[in-house]
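Novice: A single structure is presented below for examination.
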Amino acid sequence: MTSPPDLPPSDDSLRCDFCGKEVPSVRRVALDDGYERLRTPHQERYACPRCSEEKDEQRRGLPSQGG
């Protein structure tokens, strides 16, 4: 599965569900093994580009570059 592009900025402010910062764009990526988005109950969460990259690094077992 590939990552979707960032959602375009809108007139409404967007806020990252992970760091809480107001940002111009957010993204949502679901990559967990065995994850079935239509059948698995879940809360949709959107990440800013920085948090999305950090979560991807964690998923791949790499040290986080954020700070």
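Labeling convention for the structure tokens: chains A, B, ... as they appear, residues from 1 per chain, ligands from 1 in order of appearance.
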Env of segment 48-62 of chain A: 8 Å cut, atoms = only C-alpha atoms, seq-sep filter 5 positions within chain, self excluded. Answer as a list in words.
Specialist: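 These residues fall inside the cut-off: Asp6, Arg15, Cys16, Phe18, Cys19, Val23, Ser25, Val26, Arg27 and Arg28 of chain A.
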